[in-house]
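Here the structure comes first, spelled out in structure tokens, and everything after it is commentary.
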Amino acid sequence: MVASADKLSKGLPTAQQMMEKLALTEAEKASEAARKHAAAETEKKALLDKLTKPSGVSEEERIKRATAIIERAVANGLTEVQVYRFPNSLCTDHGRAINQQEPGWETTLTGLPKELYEFWDRQLRPLGYKLRVQIVDFPDGVPGDVGMTLKWV
């Protein structure tokens with residue numbers, strides 16, 4: 001009887017072998033998570049790089065896009081529409097002046113947000129459109145993304 005129990009336990013892995021297998025599995029999971037995180041960071045950096053460069057959109061195309069956005073919003077009964085949302089890292093002070101609504105906050109904008117602000121100032125402001133720029137989320141209690149909302153009332 002002892003011999004048959006011995007035979008059965010021969011195929012059973014030891015506790016040490018199972019701990020080693022578990023450690024390998026956890027290491028593989030951690031490695032995969034690190035790869036995914038690195039890929040996400042690379043993607044985020046590429047997006048930020050793109051947003052800091054000139055868009056290359058013509059003034060005529062901007063006007064067409066603005067008209068389409070405004071007309072769609074009005075058709076839906078809206079008096080304002082968020083036209084852009086961007087990470088606070090596209091502000092030279094990470095959105096501090098915007099959050100405090102300090103005079104001159106617009107000088108902290110860079111890249112595409114700066115382009116959009118300048119377009120509004122040049123083309124839409126004279127037509128009576130208002131632009132509200134504010135921090136729209138506070139992850140962990142600190143300023144996060146910035147939203148640009150176009151208003152016509």
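Residues in the structure tokens are numbered from 1 in each chain, the chains being A, B, ... in the order shown, and ligands are numbered from 1 in the order shown.
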If you count only C-alpha atoms, which residues fall within 9 Å of range 143-147 of chain A, apart from same-chain ones fewer than 5 positions away, as a PyMOL selection string? chain A and resi 82-89+94-96+98-99+132-138
Residue selection dump (N, CA and C atoms) as a PDB file, in the first residue's frame:
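The result, written out as out.pdb:
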ATOM      1  N   GLN A  82     -17.764  72.047 -26.463  1.00  0.00           N
ATOM      2  CA  GLN A  82     -16.334  71.888 -26.192  1.00  0.00           C
ATOM      3  C   GLN A  82     -15.674  71.542 -27.519  1.00  0.00           C
ATOM      4  N   VAL A  83     -14.720  72.396 -27.920  1.00  0.00           N
ATOM      5  CA  VAL A  83     -14.089  72.205 -29.221  1.00  0.00           C
ATOM      6  C   VAL A  83     -12.731  71.523 -29.132  1.00  0.00           C
ATOM      7  N   TYR A  84     -12.172  71.497 -27.927  1.00  0.00           N
ATOM      8  CA  TYR A  84     -10.858  70.871 -27.787  1.00  0.00           C
ATOM      9  C   TYR A  84     -10.591  70.549 -26.331  1.00  0.00           C
ATOM     10  N   ARG A  85      -9.892  69.452 -26.125  1.00  0.00           N
ATOM     11  CA  ARG A  85      -9.450  69.032 -24.791  1.00  0.00           C
ATOM     12  C   ARG A  85      -8.015  68.565 -24.948  1.00  0.00           C
ATOM     13  N   PHE A  86      -7.139  69.030 -24.070  1.00  0.00           N
ATOM     14  CA  PHE A  86      -5.724  68.705 -24.212  1.00  0.00           C
ATOM     15  C   PHE A  86      -5.055  68.579 -22.851  1.00  0.00           C
ATOM     16  N   PRO A  87      -3.935  67.861 -22.800  1.00  0.00           N
ATOM     17  CA  PRO A  87      -3.218  67.700 -21.536  1.00  0.00           C
ATOM     18  C   PRO A  87      -2.616  69.033 -21.076  1.00  0.00           C
ATOM     19  N   ASN A  88      -2.609  69.249 -19.775  1.00  0.00           N
ATOM     20  CA  ASN A  88      -2.087  70.511 -19.242  1.00  0.00           C
ATOM     21  C   ASN A  88      -0.592  70.696 -19.513  1.00  0.00           C
ATOM     22  N   SER A  89       0.071  69.641 -19.938  1.00  0.00           N
ATOM     23  CA  SER A  89       1.500  69.754 -20.255  1.00  0.00           C
ATOM     24  C   SER A  89       1.737  70.599 -21.509  1.00  0.00           C
ATOM     25  N   HIS A  94       1.742  74.213 -16.901  1.00  0.00           N
ATOM     26  CA  HIS A  94       0.889  73.035 -16.646  1.00  0.00           C
ATOM     27  C   HIS A  94      -0.524  73.412 -16.199  1.00  0.00           C
ATOM     28  N   GLY A  95      -1.031  74.519 -16.728  1.00  0.00           N
ATOM     29  CA  GLY A  95      -2.422  74.897 -16.484  1.00  0.00           C
ATOM     30  C   GLY A  95      -2.671  75.726 -15.236  1.00  0.00           C
ATOM     31  N   ARG A  96      -1.634  76.105 -14.513  1.00  0.00           N
ATOM     32  CA  ARG A  96      -1.811  76.872 -13.275  1.00  0.00           C
ATOM     33  C   ARG A  96      -2.540  78.192 -13.521  1.00  0.00           C
ATOM     34  N   ILE A  98      -4.426  79.068 -16.037  1.00  0.00           N
ATOM     35  CA  ILE A  98      -5.802  78.810 -16.476  1.00  0.00           C
ATOM     36  C   ILE A  98      -6.663  78.468 -15.271  1.00  0.00           C
ATOM     37  N   ASN A  99      -6.161  77.617 -14.405  1.00  0.00           N
ATOM     38  CA  ASN A  99      -6.908  77.216 -13.217  1.00  0.00           C
ATOM     39  C   ASN A  99      -7.218  78.422 -12.325  1.00  0.00           C
ATOM     40  N   ARG A 132     -14.331  79.797 -23.484  1.00  0.00           N
ATOM     41  CA  ARG A 132     -14.065  79.488 -22.078  1.00  0.00           C
ATOM     42  C   ARG A 132     -12.990  78.406 -22.057  1.00  0.00           C
ATOM     43  N   VAL A 133     -11.922  78.682 -21.344  1.00  0.00           N
ATOM     44  CA  VAL A 133     -10.822  77.725 -21.216  1.00  0.00           C
ATOM     45  C   VAL A 133     -10.678  77.426 -19.735  1.00  0.00           C
ATOM     46  N   GLN A 134     -10.755  76.151 -19.380  1.00  0.00           N
ATOM     47  CA  GLN A 134     -10.700  75.777 -17.966  1.00  0.00           C
ATOM     48  C   GLN A 134     -10.167  74.370 -17.793  1.00  0.00           C
ATOM     49  N   ILE A 135      -9.700  74.089 -16.593  1.00  0.00           N
ATOM     50  CA  ILE A 135      -9.281  72.728 -16.241  1.00  0.00           C
ATOM     51  C   ILE A 135     -10.561  71.910 -16.123  1.00  0.00           C
ATOM     52  N   VAL A 136     -10.612  70.769 -16.813  1.00  0.00           N
ATOM     53  CA  VAL A 136     -11.846  69.981 -16.830  1.00  0.00           C
ATOM     54  C   VAL A 136     -11.793  68.716 -15.985  1.00  0.00           C
ATOM     55  N   ASP A 137     -10.615  68.366 -15.475  1.00  0.00           N
ATOM     56  CA  ASP A 137     -10.548  67.252 -14.530  1.00  0.00           C
ATOM     57  C   ASP A 137      -9.372  67.458 -13.584  1.00  0.00           C
ATOM     58  N   PHE A 138      -9.483  66.816 -12.442  1.00  0.00           N
ATOM     59  CA  PHE A 138      -8.480  66.957 -11.379  1.00  0.00           C
ATOM     60  C   PHE A 138      -8.083  65.580 -10.856  1.00  0.00           C
TER      61      PHE A 138
END
Expressed in Å, the length from CA of Ile69 in chain A to CA of Gln100 in chain A is 28.4 Å
Please list as a PyMOL selection string every residue within 12 Å of range 51-61 of chain A, counting only C-alpha atoms and excluding residues in the same chain fewer than 6 positions away. chain A and resi 44-45+67-68+84-92+109-116+118-120+122-124
Atoms kept (N, CA and C atoms) for selection, written as a PDB file, in the first residue's frame:
ATOM      1  N   LYS A  44       1.870  58.155 -26.098  1.00  0.00           N
ATOM      2  CA  LYS A  44       1.525  59.444 -25.486  1.00  0.00           C
ATOM      3  C   LYS A  44       2.539  60.511 -25.893  1.00  0.00           C
ATOM      4  N   LYS A  45       3.820  60.155 -25.872  1.00  0.00           N
ATOM      5  CA  LYS A  45       4.872  61.104 -26.256  1.00  0.00           C
ATOM      6  C   LYS A  45       4.716  61.504 -27.717  1.00  0.00           C
ATOM      7  N   THR A  67     -17.518  76.281 -38.661  1.00  0.00           N
ATOM      8  CA  THR A  67     -18.904  76.437 -39.093  1.00  0.00           C
ATOM      9  C   THR A  67     -19.674  75.132 -38.908  1.00  0.00           C
ATOM     10  N   ALA A  68     -19.078  74.025 -39.306  1.00  0.00           N
ATOM     11  CA  ALA A  68     -19.741  72.722 -39.175  1.00  0.00           C
ATOM     12  C   ALA A  68     -20.003  72.387 -37.709  1.00  0.00           C
ATOM     13  N   TYR A  84     -12.172  71.497 -27.927  1.00  0.00           N
ATOM     14  CA  TYR A  84     -10.858  70.871 -27.787  1.00  0.00           C
ATOM     15  C   TYR A  84     -10.591  70.549 -26.331  1.00  0.00           C
ATOM     16  N   ARG A  85      -9.892  69.452 -26.125  1.00  0.00           N
ATOM     17  CA  ARG A  85      -9.450  69.032 -24.791  1.00  0.00           C
ATOM     18  C   ARG A  85      -8.015  68.565 -24.948  1.00  0.00           C
ATOM     19  N   PHE A  86      -7.139  69.030 -24.070  1.00  0.00           N
ATOM     20  CA  PHE A  86      -5.724  68.705 -24.212  1.00  0.00           C
ATOM     21  C   PHE A  86      -5.055  68.579 -22.851  1.00  0.00           C
ATOM     22  N   PRO A  87      -3.935  67.861 -22.800  1.00  0.00           N
ATOM     23  CA  PRO A  87      -3.218  67.700 -21.536  1.00  0.00           C
ATOM     24  C   PRO A  87      -2.616  69.033 -21.076  1.00  0.00           C
ATOM     25  N   ASN A  88      -2.609  69.249 -19.775  1.00  0.00           N
ATOM     26  CA  ASN A  88      -2.087  70.511 -19.242  1.00  0.00           C
ATOM     27  C   ASN A  88      -0.592  70.696 -19.513  1.00  0.00           C
ATOM     28  N   SER A  89       0.071  69.641 -19.938  1.00  0.00           N
ATOM     29  CA  SER A  89       1.500  69.754 -20.255  1.00  0.00           C
ATOM     30  C   SER A  89       1.737  70.599 -21.509  1.00  0.00           C
ATOM     31  N   LEU A  90       0.666  70.917 -22.238  1.00  0.00           N
ATOM     32  CA  LEU A  90       0.799  71.803 -23.391  1.00  0.00           C
ATOM     33  C   LEU A  90       0.720  73.273 -22.976  1.00  0.00           C
ATOM     34  N   CYS A  91       0.687  73.525 -21.685  1.00  0.00           N
ATOM     35  CA  CYS A  91       0.779  74.883 -21.142  1.00  0.00           C
ATOM     36  C   CYS A  91       2.142  75.001 -20.470  1.00  0.00           C
ATOM     37  N   THR A  92       2.765  76.149 -20.608  1.00  0.00           N
ATOM     38  CA  THR A  92       4.109  76.310 -20.043  1.00  0.00           C
ATOM     39  C   THR A  92       4.115  76.185 -18.527  1.00  0.00           C
ATOM     40  N   LEU A 109      -0.199  79.019 -23.406  1.00  0.00           N
ATOM     41  CA  LEU A 109      -0.552  77.987 -24.386  1.00  0.00           C
ATOM     42  C   LEU A 109       0.589  77.764 -25.373  1.00  0.00           C
ATOM     43  N   THR A 110       0.751  76.518 -25.795  1.00  0.00           N
ATOM     44  CA  THR A 110       1.738  76.170 -26.810  1.00  0.00           C
ATOM     45  C   THR A 110       1.075  75.269 -27.849  1.00  0.00           C
ATOM     46  N   GLY A 111       1.740  75.071 -28.974  1.00  0.00           N
ATOM     47  CA  GLY A 111       1.288  74.110 -29.972  1.00  0.00           C
ATOM     48  C   GLY A 111      -0.114  74.353 -30.497  1.00  0.00           C
ATOM     49  N   LEU A 112      -0.853  73.272 -30.686  1.00  0.00           N
ATOM     50  CA  LEU A 112      -2.194  73.341 -31.251  1.00  0.00           C
ATOM     51  C   LEU A 112      -3.158  74.159 -30.391  1.00  0.00           C
ATOM     52  N   PRO A 113      -3.127  74.048 -29.065  1.00  0.00           N
ATOM     53  CA  PRO A 113      -4.026  74.905 -28.270  1.00  0.00           C
ATOM     54  C   PRO A 113      -3.784  76.398 -28.538  1.00  0.00           C
ATOM     55  N   LYS A 114      -2.534  76.786 -28.692  1.00  0.00           N
ATOM     56  CA  LYS A 114      -2.212  78.182 -28.994  1.00  0.00           C
ATOM     57  C   LYS A 114      -2.783  78.563 -30.361  1.00  0.00           C
ATOM     58  N   GLU A 115      -2.643  77.662 -31.340  1.00  0.00           N
ATOM     59  CA  GLU A 115      -3.200  77.889 -32.678  1.00  0.00           C
ATOM     60  C   GLU A 115      -4.708  78.099 -32.619  1.00  0.00           C
ATOM     61  N   LEU A 116      -5.383  77.246 -31.844  1.00  0.00           N
ATOM     62  CA  LEU A 116      -6.842  77.349 -31.735  1.00  0.00           C
ATOM     63  C   LEU A 116      -7.251  78.662 -31.065  1.00  0.00           C
ATOM     64  N   GLU A 118      -5.562  81.470 -31.045  1.00  0.00           N
ATOM     65  CA  GLU A 118      -5.294  82.557 -31.992  1.00  0.00           C
ATOM     66  C   GLU A 118      -6.345  82.602 -33.100  1.00  0.00           C
ATOM     67  N   PHE A 119      -6.814  81.436 -33.561  1.00  0.00           N
ATOM     68  CA  PHE A 119      -7.886  81.395 -34.558  1.00  0.00           C
ATOM     69  C   PHE A 119      -9.154  82.020 -33.991  1.00  0.00           C
ATOM     70  N   TRP A 120      -9.507  81.634 -32.773  1.00  0.00           N
ATOM     71  CA  TRP A 120     -10.692  82.222 -32.136  1.00  0.00           C
ATOM     72  C   TRP A 120     -10.539  83.740 -32.032  1.00  0.00           C
ATOM     73  N   ARG A 122      -8.740  85.784 -33.767  1.00  0.00           N
ATOM     74  CA  ARG A 122      -8.706  86.431 -35.079  1.00  0.00           C
ATOM     75  C   ARG A 122     -10.053  86.388 -35.792  1.00  0.00           C
ATOM     76  N   GLN A 123     -10.688  85.221 -35.778  1.00  0.00           N
ATOM     77  CA  GLN A 123     -11.868  85.003 -36.615  1.00  0.00           C
ATOM     78  C   GLN A 123     -13.206  84.983 -35.878  1.00  0.00           C
ATOM     79  N   LEU A 124     -13.237  84.365 -34.705  1.00  0.00           N
ATOM     80  CA  LEU A 124     -14.526  84.154 -34.037  1.00  0.00           C
ATOM     81  C   LEU A 124     -14.867  85.231 -33.003  1.00  0.00           C
TER      82      LEU A 124
END
Quick one: residues within 9 Å of Lys130 in chain A, only C-alpha atoms counted, chain neighbours fewer than 3 positions away excluded, as a compact mmCIF listing (two decimals) with all heavy atoms, in the first residue's frame?
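Generated file (around09.txt):
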# COMPACT_ATOMS: atom_id res chain seq x y z
N TRP A 120 -9.51 81.63 -32.77
CA TRP A 120 -10.69 82.22 -32.14
C TRP A 120 -10.54 83.74 -32.03
O TRP A 120 -11.46 84.49 -32.38
CB TRP A 120 -10.90 81.62 -30.74
CG TRP A 120 -11.88 82.41 -29.94
CD1 TRP A 120 -13.25 82.38 -30.04
CD2 TRP A 120 -11.59 83.38 -28.93
NE1 TRP A 120 -13.82 83.28 -29.16
CE2 TRP A 120 -12.81 83.90 -28.48
CE3 TRP A 120 -10.41 83.86 -28.38
CZ2 TRP A 120 -12.89 84.88 -27.49
CZ3 TRP A 120 -10.48 84.83 -27.39
CH2 TRP A 120 -11.70 85.33 -26.95
N LEU A 124 -13.24 84.37 -34.71
CA LEU A 124 -14.53 84.15 -34.04
C LEU A 124 -14.87 85.23 -33.00
O LEU A 124 -16.03 85.61 -32.86
CB LEU A 124 -14.55 82.77 -33.39
CG LEU A 124 -14.35 81.60 -34.36
CD1 LEU A 124 -14.29 80.28 -33.61
CD2 LEU A 124 -15.42 81.58 -35.42
N ARG A 125 -13.88 85.71 -32.29
CA ARG A 125 -14.12 86.75 -31.28
C ARG A 125 -14.80 87.98 -31.90
O ARG A 125 -15.79 88.47 -31.34
CB ARG A 125 -12.82 87.13 -30.60
CG ARG A 125 -13.00 88.18 -29.52
CD ARG A 125 -11.66 88.58 -28.95
NE ARG A 125 -11.61 88.28 -27.54
CZ ARG A 125 -10.55 88.42 -26.80
NH1 ARG A 125 -9.41 88.83 -27.30
NH2 ARG A 125 -10.60 88.15 -25.52
N THR A 149 -14.04 75.62 -24.64
CA THR A 149 -15.46 75.59 -24.98
C THR A 149 -15.84 76.87 -25.72
O THR A 149 -15.58 77.97 -25.22
CB THR A 149 -16.33 75.44 -23.71
OG1 THR A 149 -15.93 74.24 -23.03
CG2 THR A 149 -17.79 75.37 -24.04
N LEU A 150 -16.44 76.72 -26.88
CA LEU A 150 -16.89 77.84 -27.69
C LEU A 150 -18.34 78.12 -27.33
O LEU A 150 -19.17 77.21 -27.31
CB LEU A 150 -16.74 77.50 -29.17
CG LEU A 150 -16.99 78.62 -30.17
CD1 LEU A 150 -15.95 79.73 -29.97
CD2 LEU A 150 -16.91 78.07 -31.58
N LYS A 151 -18.66 79.40 -27.07
CA LYS A 151 -20.02 79.80 -26.66
C LYS A 151 -20.52 80.90 -27.58
O LYS A 151 -19.74 81.71 -28.05
CB LYS A 151 -20.01 80.33 -25.23
CG LYS A 151 -19.50 79.35 -24.19
CD LYS A 151 -19.35 79.99 -22.83
CE LYS A 151 -20.69 80.44 -22.36
NZ LYS A 151 -20.80 80.74 -20.96
N TRP A 152 -21.84 80.93 -27.81
CA TRP A 152 -22.39 81.99 -28.65
C TRP A 152 -23.59 82.66 -28.01
O TRP A 152 -24.43 83.24 -28.69
CB TRP A 152 -22.72 81.50 -30.05
CG TRP A 152 -23.42 80.18 -30.09
CD1 TRP A 152 -24.75 79.96 -30.08
CD2 TRP A 152 -22.78 78.91 -30.15
NE1 TRP A 152 -24.99 78.62 -30.12
CE2 TRP A 152 -23.80 77.94 -30.17
CE3 TRP A 152 -21.46 78.48 -30.16
CZ2 TRP A 152 -23.53 76.58 -30.21
CZ3 TRP A 152 -21.20 77.14 -30.21
CH2 TRP A 152 -22.23 76.20 -30.24
N VAL A 153 -23.69 82.62 -26.71
CA VAL A 153 -24.71 83.38 -25.97
C VAL A 153 -24.08 84.18 -24.88
O VAL A 153 -23.04 83.90 -24.39
CB VAL A 153 -25.78 82.51 -25.28
CG1 VAL A 153 -27.13 82.83 -25.75
CG2 VAL A 153 -25.50 81.08 -25.30
Taking the backbone alone, and naming residues the way the document does, which bits of range 39-141 of chain A are strand (DSSP E or B) by DSSP, as a list of chain:residue names?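 Written out, the strand (DSSP E or B) residues of range 39-141 of chain A are A:Glu80, A:Val81, A:Gln82, A:Val83, A:Tyr84, A:Arg85, A:Phe86, A:Cys91, A:Leu109, A:Lys130, A:Leu131, A:Arg132, A:Val133, A:Gln134, A:Ile135.
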What are the DSSP helix (DSSP H, G or I) residues of chain A, as number ranges by chain? A: 2-10, 15-52, 59-75, 88-90, 96-100, 105-108, 111-127, 139-141
Report, in Å to a single decimal, how far apart CA of Met148 in chain A and CA of Val74 in chain A are.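 CA of Met148 in chain A lies at a distance of 17.4 Å from CA of Val74 in chain A.
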